[in-house]
>>> print(open('query.txt').read())   # compact mmCIF, C-alpha atoms
# COMPACT_ATOMS: atom_id res chain seq x y z
CA MET A 1 -0.33 -28.57 25.01
CA LEU A 2 2.88 -26.88 23.88
CA GLN A 3 3.17 -23.23 22.92
CA THR A 4 5.72 -22.21 20.33
CA ARG A 5 6.15 -18.89 22.09
CA ASN A 6 5.49 -17.88 25.66
CA GLY A 7 6.46 -14.25 25.63
CA ASN A 8 7.61 -11.53 23.33
CA GLU A 9 10.19 -13.67 21.57
CA ASN A 10 9.84 -14.27 17.88
CA PRO A 11 10.92 -17.77 16.87
CA SER A 12 11.30 -18.41 13.16
CA PHE A 13 8.80 -20.43 11.16
CA ASP A 14 11.22 -23.33 11.15
CA ASP A 15 11.83 -23.06 14.91
CA ARG A 16 8.10 -23.38 15.51
CA SER A 17 7.79 -26.28 13.09
CA THR A 18 10.74 -27.99 14.78
CA LEU A 19 8.89 -27.94 18.08
CA ALA A 20 5.66 -29.17 16.50
CA ASN A 21 7.30 -31.85 14.37
CA ALA A 22 8.99 -33.37 17.39
CA GLN A 23 5.57 -34.34 18.79
CA ARG A 24 3.80 -37.52 17.82
CA GLY A 25 0.09 -37.51 17.17
CA ALA A 26 -0.16 -33.77 17.69
CA VAL A 27 -2.20 -31.15 15.89
CA PHE A 28 -0.92 -27.66 15.17
CA VAL A 29 -2.98 -24.49 15.53
CA THR A 30 -1.56 -21.09 14.74
CA LEU A 31 -3.61 -18.12 15.97
CA HIS A 32 -3.71 -14.72 14.30
CA ILE A 33 -5.62 -11.49 14.47
CA SER A 34 -6.20 -9.99 11.04
CA SER A 35 -5.86 -6.40 9.92
CA THR A 36 -8.97 -6.62 7.77
CA GLY A 37 -12.23 -8.50 7.53
CA LEU A 38 -15.60 -8.28 9.18
CA PRO A 39 -14.99 -7.65 12.90
CA GLY A 40 -16.29 -10.42 15.09
CA THR A 41 -15.75 -13.19 12.56
CA VAL A 42 -13.18 -15.99 12.56
CA ARG A 43 -11.69 -17.85 9.61
CA VAL A 44 -9.81 -21.12 9.57
CA TYR A 45 -7.17 -21.80 6.93
CA ALA A 46 -5.49 -24.98 5.84
CA LEU A 47 -2.81 -25.34 3.22
CA SER A 48 -3.69 -26.02 -0.39
CA ASP A 49 -2.25 -29.07 -2.11
CA LEU A 50 1.46 -29.75 -1.89
CA PRO A 51 3.38 -32.36 -3.83
CA THR A 52 4.68 -35.24 -1.78
CA ARG A 53 8.39 -35.20 -2.46
CA ALA A 54 10.17 -37.95 -0.62
CA SER A 55 13.89 -38.39 -0.72
CA ALA A 56 15.47 -41.68 -1.78
CA GLY A 57 15.31 -42.82 1.81
CA GLY A 58 11.60 -42.09 1.99
CA ILE A 59 12.10 -39.11 4.23
CA LEU A 60 9.67 -36.28 3.57
CA SER A 61 11.27 -33.02 2.58
CA TRP A 62 11.19 -30.43 5.35
CA ASP A 63 9.86 -27.84 2.90
CA PHE A 64 6.85 -30.05 2.14
CA ALA A 65 6.33 -31.56 5.58
CA GLN A 66 2.64 -30.72 5.44
CA ALA A 67 2.11 -32.63 2.19
CA SER A 68 1.02 -35.88 3.82
CA TYR A 69 -1.33 -34.07 6.17
CA VAL A 70 -3.21 -31.77 3.80
CA THR A 71 -6.39 -33.86 3.78
CA LEU A 72 -6.35 -34.30 7.55
CA SER A 73 -5.69 -30.59 8.02
CA ARG A 74 -8.73 -29.69 5.93
CA LYS A 75 -10.87 -32.14 7.86
CA PHE A 76 -9.62 -30.65 11.13
CA GLY A 77 -10.16 -27.15 9.75
CA ASP A 78 -13.72 -27.93 8.69
CA ALA A 79 -14.50 -29.29 12.15
CA VAL A 80 -13.18 -26.16 13.85
CA GLN A 81 -14.68 -23.73 11.32
CA GLY A 82 -18.09 -25.38 11.73
CA GLN A 83 -17.93 -24.73 15.46
CA LEU A 84 -16.76 -21.15 14.95
CA ALA A 85 -19.55 -20.43 12.47
CA GLN A 86 -22.10 -21.32 15.13
CA ARG A 87 -20.57 -18.89 17.61
CA PHE A 88 -19.51 -16.01 15.40
CA LYS A 89 -22.13 -14.93 12.86
CA GLY A 90 -20.74 -14.04 9.47
CA SER A 91 -17.89 -16.51 9.74
CA PRO A 92 -17.56 -18.97 6.87
CA SER A 93 -18.85 -22.47 7.42
CA ASN A 94 -15.94 -24.22 5.72
CA VAL A 95 -12.19 -24.11 6.04
CA GLN A 96 -10.41 -21.88 3.52
CA THR A 97 -7.22 -22.78 1.73
CA ALA A 98 -4.29 -20.40 1.64
CA SER A 99 -0.52 -20.62 1.34
CA VAL A 100 0.19 -19.92 4.97
CA ARG A 101 3.96 -20.20 5.37
CA GLN A 102 3.87 -21.59 8.87
CA LEU A 103 1.72 -24.55 7.88
CA ARG A 104 3.97 -25.74 5.02
CA THR A 105 6.76 -27.10 7.20
CA THR A 106 4.51 -28.63 9.84
CA ALA A 107 4.23 -32.42 9.87
CA ALA A 108 0.84 -32.69 11.58
CA PRO A 109 -2.74 -31.72 10.91
CA ALA A 110 -2.26 -27.96 10.93
CA ILE A 111 -4.60 -24.99 10.71
CA ALA A 112 -4.37 -21.23 11.03
CA VAL A 113 -7.18 -19.47 12.88
CA GLU A 114 -7.55 -15.78 12.06
CA ILE A 115 -9.77 -13.52 14.13
CA SER A 116 -11.09 -10.28 12.63
CA SER A 117 -9.77 -7.80 13.37
CA VAL A 118 -7.36 -5.29 14.87
CA SER A 119 -9.67 -2.56 13.59
CA VAL A 120 -12.19 -3.10 16.40
CA GLN A 121 -12.63 0.08 18.41
CA ASP A 122 -12.56 -1.66 21.75
CA ARG A 123 -9.85 -4.23 22.31
CA GLY A 124 -12.18 -5.83 24.83
CA ASP A 125 -14.32 -7.00 21.90
CA LEU A 126 -11.46 -9.25 20.82
CA ASP A 127 -10.81 -10.43 24.35
CA ARG A 128 -14.46 -11.43 24.70
CA MET A 129 -14.14 -13.58 21.58
CA MET A 130 -11.28 -15.65 22.98
CA PRO A 131 -13.24 -18.12 25.17
CA GLY A 132 -15.55 -18.84 22.22
CA VAL A 133 -12.61 -19.36 19.89
CA ALA A 134 -10.87 -21.66 22.36
CA ASP A 135 -14.07 -23.65 22.94
CA ALA A 136 -14.64 -24.00 19.19
CA ILE A 137 -11.10 -25.26 18.64
CA ALA A 138 -11.44 -27.78 21.48
CA ARG A 139 -14.79 -29.06 20.23
CA GLY A 140 -13.57 -29.15 16.66
CA LEU A 141 -10.54 -31.14 17.76
CA ALA A 142 -12.73 -33.57 19.67
CA ALA A 143 -14.88 -34.08 16.57
CA PHE A 144 -11.82 -34.52 14.37
CA ARG A 145 -9.91 -36.91 16.64
CA PRO A 146 -11.57 -40.19 15.54
CA SER A 147 -10.52 -39.52 11.96
CA TYR A 148 -6.92 -38.69 12.85
CA VAL A 149 -4.99 -41.65 11.54
CA LEU A 150 -1.25 -41.12 11.26
CA PRO A 151 -0.40 -41.11 7.53
CA SER A 152 2.64 -43.37 7.87
CA GLU A 153 0.92 -46.02 9.95
CA ALA A 154 -2.59 -46.62 8.65
CA GLY A 155 -4.92 -47.65 11.41
CA THR A 156 -2.81 -46.10 14.11
CA GLN A 157 -4.56 -43.36 15.98
CA PRO A 158 -2.74 -40.85 18.12
CA MET B 1 52.10 49.53 -11.50
CA ASN B 2 51.03 48.68 -7.98
CA GLY B 3 48.73 51.67 -7.88
CA ARG B 4 47.09 50.68 -11.19
CA TRP B 5 46.58 47.10 -9.95
CA ARG B 6 45.02 48.37 -6.78
CA THR B 7 42.62 50.50 -8.79
CA TRP B 8 41.61 47.58 -11.03
CA LEU B 9 41.21 45.32 -8.02
CA LEU B 10 38.97 47.84 -6.25
CA ALA B 11 36.95 48.36 -9.40
CA GLY B 12 36.54 44.58 -9.81
CA LEU B 13 35.43 44.20 -6.23
CA CYS B 14 32.92 46.99 -6.65
CA VAL B 15 31.46 45.25 -9.70
CA VAL B 16 31.19 41.97 -7.78
CA VAL B 17 29.45 43.72 -4.88
CA VAL B 18 26.98 45.38 -7.24
CA ILE B 19 26.23 42.07 -9.00
CA ALA B 20 25.82 40.31 -5.64
CA ALA B 21 23.48 43.04 -4.43
CA ILE B 22 21.30 42.57 -7.51
CA TYR B 23 21.43 38.76 -7.49
CA PHE B 24 21.07 38.13 -3.73
CA PRO B 25 17.33 38.92 -3.44
CA LYS B 26 16.64 36.68 -6.45
CA LEU B 27 18.67 33.86 -4.93
CA LYS B 28 16.81 34.27 -1.65
CA ARG B 29 13.46 33.95 -3.44
CA LYS B 30 14.66 30.82 -5.27
CA VAL B 31 15.78 29.16 -2.04
CA LYS B 32 12.42 29.94 -0.43
CA THR B 33 10.54 28.49 -3.41
CA SER B 34 12.67 25.33 -3.42
CA ALA B 35 12.06 24.81 0.27
CA ASN B 36 8.32 24.95 -0.30
CA ILE B 37 8.39 22.17 -2.89
CA ALA B 38 7.78 18.87 -1.11
CA GLN B 39 10.46 16.32 -1.79
CA PRO B 40 8.99 13.18 -3.34
CA SER B 41 9.37 10.09 -1.25
CA GLU B 42 11.77 7.38 -2.33
CA GLU B 43 8.85 5.22 -3.40
CA GLN B 44 7.25 8.04 -5.39
CA ALA B 45 10.51 8.77 -7.12
CA ARG B 46 11.00 5.10 -7.89
CA ARG B 47 7.48 4.80 -9.22
CA GLU B 48 8.05 7.78 -11.52
CA LEU B 49 11.12 6.05 -12.88
CA THR B 50 9.53 2.66 -13.24
CA THR B 51 6.02 3.36 -14.42
CA ALA B 52 4.90 1.55 -17.50
CA PRO B 53 6.05 3.02 -20.76
CA PRO B 54 3.62 5.51 -22.27
CA THR B 55 0.86 3.87 -24.16
CA ASN B 56 1.11 3.86 -27.89
CA PRO B 57 -1.86 5.70 -29.38
CA SER B 58 -2.06 3.06 -32.07
CA ASP B 59 -2.59 0.32 -29.44
CA PRO B 60 -6.20 -0.74 -29.40
CA LYS B 61 -8.22 0.46 -26.43
CA VAL B 62 -9.69 -2.49 -24.62
CA LYS B 63 -11.72 -2.99 -21.50
CA ALA B 64 -9.09 -4.30 -19.11
CA LYS B 65 -10.41 -6.24 -16.11
CA MET B 66 -8.85 -5.04 -12.90
CA PHE B 67 -9.49 -7.06 -9.75
CA TRP B 68 -9.95 -4.84 -6.74
CA ALA B 69 -11.86 -5.55 -3.54
CA ASN B 70 -15.59 -6.08 -3.79
CA ASP B 71 -17.43 -3.14 -2.23
CA GLU B 72 -20.09 -5.46 -0.84
CA ASP B 73 -17.65 -7.96 0.63
CA GLU B 74 -14.15 -6.70 1.30
CA SER B 75 -12.89 -10.25 1.65
CA ALA B 76 -13.63 -10.92 -2.02
CA LEU B 77 -12.46 -9.51 -5.32
CA ALA B 78 -14.58 -8.05 -8.07
CA PRO B 79 -13.57 -7.17 -11.63
CA ILE B 80 -13.83 -3.57 -12.74
CA ASN B 81 -13.54 -2.75 -16.42
CA VAL B 82 -11.07 0.01 -17.21
CA ASP B 83 -10.51 1.37 -20.73
CA LEU B 84 -6.80 0.99 -21.42
CA ALA B 85 -4.73 1.13 -24.59
CA LEU B 86 -2.88 -2.12 -23.99
CA SER B 87 0.26 -3.08 -25.81
CA PRO B 88 0.26 -6.39 -27.70
CA ASP B 89 3.65 -7.13 -26.12
CA PRO B 90 2.90 -9.30 -23.07
CA VAL B 91 5.61 -7.77 -20.88
CA LEU B 92 4.53 -4.19 -21.57
CA ARG B 93 0.92 -5.26 -21.23
CA ALA B 94 1.61 -6.87 -17.85
CA LYS B 95 3.37 -3.71 -16.68
CA GLN B 96 0.46 -1.56 -17.83
CA VAL B 97 -2.19 -3.59 -16.04
CA LEU B 98 -0.14 -4.03 -12.86
CA ASN B 99 0.59 -0.32 -12.69
CA THR B 100 -3.11 0.38 -13.15
CA LEU B 101 -3.86 -2.12 -10.39
CA LEU B 102 -1.32 -0.40 -8.13
CA ALA B 103 -2.77 3.02 -8.92
CA GLY B 104 -5.99 1.72 -7.40
CA PRO B 105 -9.70 2.17 -8.09
CA VAL B 106 -11.67 5.39 -7.82
CA ASN B 107 -12.86 4.27 -4.41
CA SER B 108 -9.58 3.95 -2.56
CA ASP B 109 -11.22 1.77 0.11
CA LEU B 110 -11.27 -1.01 -2.47
CA ARG B 111 -7.51 -1.05 -2.98
CA THR B 112 -5.85 -4.41 -2.64
CA LEU B 113 -2.26 -3.16 -2.85
CA PRO B 114 -0.62 -0.39 -0.83
CA PRO B 115 -0.56 3.02 -2.57
CA ASP B 116 3.16 3.48 -2.09
CA ALA B 117 4.10 0.14 -3.67
CA ALA B 118 5.64 0.21 -7.13
CA LEU B 119 6.30 -2.36 -9.80
CA LEU B 120 10.05 -2.31 -10.35
CA ALA B 121 10.23 -4.85 -13.15
CA PHE B 122 8.31 -7.56 -14.90
CA TYR B 123 9.88 -10.46 -16.77
CA LEU B 124 8.23 -13.17 -18.81
CA LEU B 125 10.15 -16.41 -19.20
CA PRO B 126 9.68 -18.61 -22.26
CA ASP B 127 7.69 -21.18 -20.25
CA GLY B 128 5.04 -18.60 -19.32
CA THR B 129 6.41 -17.79 -15.89
CA GLY B 130 5.89 -14.13 -15.08
CA VAL B 131 8.23 -12.61 -12.53
CA ALA B 132 6.90 -9.45 -10.93
CA ASP B 133 9.37 -7.47 -8.88
CA PHE B 134 7.75 -4.99 -6.51
CA SER B 135 9.23 -2.35 -4.25
CA GLU B 136 9.62 -3.03 -0.54
CA ALA B 137 6.42 -1.16 0.21
CA LEU B 138 4.47 -4.16 -1.03
CA ALA B 139 5.78 -6.13 1.94
CA THR B 140 5.93 -3.34 4.49
CA SER B 141 2.61 -1.64 3.74
CA THR B 142 0.28 -4.54 2.93
CA PRO B 143 -1.93 -5.05 5.99
CA SER B 144 -0.62 -8.07 7.84
CA GLY B 145 -2.98 -11.03 7.91
CA ILE B 146 -3.78 -14.14 5.92
CA GLN B 147 -6.92 -12.67 4.39
CA SER B 148 -5.42 -9.33 3.34
CA GLU B 149 -2.22 -10.88 2.00
CA GLU B 150 -4.17 -13.50 0.05
CA LEU B 151 -6.36 -10.78 -1.41
CA ALA B 152 -3.31 -8.79 -2.51
CA VAL B 153 -1.72 -11.72 -4.32
CA ASP B 154 -5.05 -12.83 -5.77
CA SER B 155 -5.68 -9.40 -7.23
CA ILE B 156 -2.30 -9.47 -8.98
CA ALA B 157 -2.73 -13.03 -10.26
CA ARG B 158 -6.30 -12.58 -11.45
CA THR B 159 -5.61 -9.25 -13.14
CA LEU B 160 -2.78 -10.89 -15.06
CA GLU B 161 -4.96 -13.89 -15.85
CA ALA B 162 -7.69 -11.66 -17.27
CA ASN B 163 -5.46 -9.42 -19.36
CA VAL B 164 -2.21 -11.18 -20.20
CA PRO B 165 -2.97 -14.73 -21.33
CA GLN B 166 0.72 -15.45 -21.96
CA VAL B 167 1.39 -15.39 -18.22
CA LYS B 168 0.68 -18.85 -16.87
CA ARG B 169 2.27 -18.65 -13.46
CA LEU B 170 3.59 -15.91 -11.27
CA LYS B 171 6.58 -15.44 -9.04
CA ILE B 172 6.58 -12.39 -6.80
CA LEU B 173 9.85 -10.76 -5.76
CA VAL B 174 10.32 -7.87 -3.41
CA HIS B 175 13.12 -5.50 -4.39
CA GLY B 176 14.67 -8.20 -6.56
CA GLN B 177 14.75 -10.78 -3.79
CA GLU B 178 12.71 -13.84 -2.97
CA VAL B 179 11.05 -13.30 0.40
CA ASP B 180 9.57 -15.83 2.80
CA THR B 181 6.20 -14.16 3.20
CA LEU B 182 4.33 -11.13 1.91
CA ALA B 183 3.62 -9.53 5.30
CA GLY B 184 4.26 -12.34 7.75
CA HIS B 185 1.77 -14.97 6.62
CA LEU B 186 1.38 -15.71 2.92
CA ASP B 187 4.14 -17.88 1.45
CA LEU B 188 5.95 -16.09 -1.38
CA THR B 189 8.62 -18.73 -1.88
CA GLN B 190 6.30 -20.49 -4.27
CA MET B 191 4.85 -19.67 -7.65
CA PHE B 192 1.17 -18.93 -8.14
CA VAL B 193 -0.87 -20.32 -10.99
CA VAL B 194 -2.22 -17.47 -13.08
CA ASN B 195 -3.77 -19.14 -16.05
CA THR B 196 -5.34 -22.25 -14.59
CA LYS B 197 -6.21 -23.71 -18.00
CA ALA B 198 -2.81 -23.28 -19.61
CA ALA B 199 -0.46 -23.73 -16.68
CA GLN B 200 1.83 -26.71 -16.89
CA PRO B 201 4.61 -27.61 -14.49
CA PRO B 202 7.27 -24.95 -15.01
CA THR B 203 10.60 -25.76 -16.57
CA LEU B 204 12.19 -23.26 -14.24
CA SER B 205 11.73 -24.39 -10.70
CA PHE B 206 12.11 -22.15 -7.72
CA GLY B 207 12.07 -25.29 -5.64
CA LEU B 208 8.52 -24.98 -4.46
CA PRO B 209 5.20 -26.03 -5.88
CA LEU B 210 2.66 -24.09 -7.78
CA LYS B 211 -0.20 -22.61 -5.88
CA SER B 212 -3.34 -21.33 -7.43
CA PRO B 213 -4.65 -18.36 -5.50
CA ALA B 214 -7.70 -17.98 -7.65
CA ALA B 215 -8.44 -21.64 -7.52
CA SER B 216 -7.97 -22.11 -3.81
CA ALA B 217 -10.07 -25.15 -3.27
CA ALA B 218 -12.70 -23.88 -0.94
CA SER B 219 -12.94 -20.45 -2.34
CA VAL B 220 -14.81 -20.29 -5.59
CA SER B 221 -18.24 -18.81 -5.45
CA SER B 222 -20.82 -19.57 -8.06
CA ASP B 223 -20.59 -16.00 -9.31
CA SER B 224 -17.59 -16.00 -11.56
CA THR B 225 -17.40 -12.24 -11.42
CA ALA B 226 -16.96 -12.14 -7.70
CA ARG B 227 -14.91 -15.11 -6.69
CA SER B 228 -12.13 -14.81 -4.23
CA ALA B 229 -9.52 -17.06 -2.77
CA SER B 230 -10.74 -16.24 0.65
CA LYS B 231 -14.45 -16.39 0.07
CA ALA B 232 -16.22 -19.27 1.69
CA PRO B 233 -18.40 -21.56 -0.34
CA LYS B 234 -22.01 -21.76 0.66
CA ARG B 235 -23.20 -25.02 2.01
>>> encode(input="query.txt", output="structure tokens")
Amino acid sequence: MLQTRNGNENPSFDDRSTLANAQRGAVFVTLHISSTGLPGTVRVYALSDLPTRASAGGILSWDFAQASYVTLSRKFGDAVQGQLAQRFKGSPSNVQTASVRQLRTTAAPAIAVEISSVSVQDRGDLDRMMPGVADAIARGLAAFRPSYVLPSEAGTQP
Amino acid sequence: MNGRWRTWLLAGLCVVVVIAAIYFPKLKRKVKTSANIAQPSEEQARRELTTAPPTNPSDPKVKAKMFWANDEDESALAPINVDLALSPDPVLRAKQVLNTLLAGPVNSDLRTLPPDAALLAFYLLPDGTGVADFSEALATSTPSGIQSEELAVDSIARTLEANVPQVKRLKILVHGQEVDTLAGHLDLTQMFVVNTKAAQPPTLSFGLPLKSPAASAASVSSDSTARSASKAPKR
């Protein structure tokens, strides 16, 4: 597991994607805490459709790196969201789609997980959610793994 | 000669002193009053300068649909009918509805856009692309988070969709500039589909694809009056 940040530094979206895109057979999870929403719930987002725009050499544009992975990302997102819905009542049961900037330049199944919310009165409430969130992501990933076939090499699993 | 000058000079000075003595208390009161008047913030001043042109009394009053947050589910939008005299000109009409959206609903908890944000300009290109230029407060005061940012953009797109059919897609600028994200998450480098039925690929490309906030795949509830880009479908 690689983390795109380990401290209080603030790498750019492209810096984070650079790190993720250098891995083969990886998945990308970006974690957020929302400002709004029903406290104690968790939502998973994947990117909505992107056009596949390859250059003459067949190289995928950096700006649309997620294009080939949109379907896989949604499948991954559904698997994780299903697990989260069981643990956190009120959470949706399916992945949502949104234009999350970080996901667009990521060439891997990529999801954003957003925990509600910073408005909780006791920060400990959020801390207590973390093991459940981590467990849901791990189980969701395990469920998703058999269907993770690299887009460029059909039949090849990471 | 010198003596006469001195006399005139002394007389003039006496007159000035008398006038100053009369005027000084008035001036003091004026300064006190001015100090008590709160200076409008930069955003308020800008909004006063950029608010939509006054409505023409001859414009027909219609029930404009404004999309603010749903009071039963703050993650979803709900339309609220507002009686507005809307201009037939699509640009003026767009300004009128967006300014009403920015002004917010009666229940301020249901706002989707920050109260200090202002619409600086709205352009409509021949291909149906609407360009809405907002003040910096849109980016700095919108609560950071995927859900809240999506709701903000959705409310703009769906309000335009409901009231200005000429707008087919939307580009959002902040202070005249393209920005990477609204408040750290939602991608604003792209255009958003406003009128899902009429939208065709734009002739003017900003380099990035169209995105339909209202039609976000997993987000349409069966109740057409309360759908939201961030609302989960029921299994």
>>> residues_around(input="query.txt", residues="Met1 in chain A", least_positions_apart="2", cutoff="10 Å", atoms="all atoms listed in the file", output="list in words")
Gln3, Thr4, Ala26, Val27 and Phe28 of chain A
>>> atom_distance(input="query.txt", atom1="CA of Leu50 in chain A", atom2="CA of Val113 in chain A")
20.0 Å
>>> closest_residue(input="query.txt", among="B:Leu170, B:Ala76, B:Leu98, B:Leu124", to="chain A", atoms="all atoms listed in the file")
B:Ala76
>>> closest_residue(input="query.txt", among="A:Ser61, A:Ser93, A:Gln121, A:Thr105", to="chain B", atoms="all atoms listed in the file")
A:Ser93
>>> closest_residue(input="query.txt", among="A:Tyr45, A:Phe76, A:Tyr69, A:Phe64", to="Ala138 in chain A", atoms="all atoms listed in the file")
A:Phe76
>>> atom_distance(input="query.txt", atom1="CA of Leu113 in chain B", atom2="CA of Leu182 in chain B")
11.4 Å
>>> interface_residues(input="query.txt", of="chain A", to="chain B", cutoff="9 Å", atoms="only C-alpha atoms", output="PyMOL selection string")
chain A and resi 32-38+43+45+48-51+63-64+91-102+104+112+114
>>> atom_distance(input="query.txt", atom1="CA of Leu19 in chain A", atom2="CA of Ala67 in chain A")
17.9 Å
>>> closest_residue(input="query.txt", among="B:Leu84, B:Met191, B:Ala69, B:Leu27", to="Glu178 in chain B", atoms="all atoms listed in the file")
B:Met191
>>> closest_residue(input="query.txt", among="A:Val118, A:Ala108, A:Ile137, A:Leu47", to="Arg87 in chain A", atoms="all atoms listed in the file")
A:Ile137
